[in-house]
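Trainee: First the structure, then my questions, so here it is.
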Amino acid sequence: MTKQVTTGSVFDDLYLHPGKVEQMKIKAALFDAIVAYIKENDLTQAAADIMGVQRSRVGDVCRGKMSGFSIDALVAMAARAGLHPLHITA
């Protein structure tokens with residue numbers, strides 16, 4: 001078995017274009033913040049109403065389906081929930 005030293009970020013280790021890597025990090029941070037908000041506030045269906053999206057979209061976030069979301073959509077969801085996207089760090 002060969003050991004490989006990583007950079008500490010799975011996204012950095014994907015060897016993608018640096019801009020794409022940063023986008024993925026931002027999405028992941030937004031996903032984490034939204035999921036934490038839902039769990040901390042014990043929300044299920046109400047989360048969709050608060051964030052102004054369909055329930056299926058909240059379910060997708062909770063399941064980590066990143067491909068269906070733009071950064072803009074995630075920022076809007078986070079802001080509607082009272083989160084401050086500029087303070088969310090990757």
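In the structure tokens, the first chain shown is A, the next is B, and so on; residue numbers restart at 1 for each chain, and ligands run from 1 in the order shown.
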So which residues touch region 42-55 of chain A within 9 Å, counting only C-alpha atoms, skipping near sequence neighbours fewer than 6 positions away, as a ChimeraX atom specification?
Mentor: /A:76-81
Trainee: Please identify the helix (DSSP H, G or I) residues within chain A (assignment by DSSP from backbone atoms) and present them as a count of residues only.
Mentor: 57
Trainee: Residues near region 59-67 of chain A, anyone? I mean within 8 Å using only C-alpha atoms, not counting same-chain ones fewer than 5 positions away, as a PDB file with C-alpha atoms, in the first residue's frame.
Mentor:
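Now in selection.pdb:
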ATOM      1  CA  LYS A  27     -20.509  25.200  -1.748  1.00  0.00           C
ATOM      2  CA  ALA A  28     -19.411  22.746   0.924  1.00  0.00           C
ATOM      3  CA  PHE A  31     -24.063  23.219   2.730  1.00  0.00           C
ATOM      4  CA  ILE A  34     -27.426  25.204   6.196  1.00  0.00           C
ATOM      5  CA  VAL A  35     -27.477  21.627   7.499  1.00  0.00           C
TER       6      VAL A  35
END
Trainee: Taking into account only C-alpha atoms, which residue in the set A:Ser56, A:Leu30, A:Lys25, A:Thr2 is nearest to His84 (chain A)?
Mentor: A:Leu30
Trainee: So, counting only C-alpha atoms, which residue among A:Ala33, A:Ile71, A:His87, A:Asn41 is closest to Lys20 (chain A)?
Mentor: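 Smallest distance to Lys20 (chain A) is found for A:Ile71.
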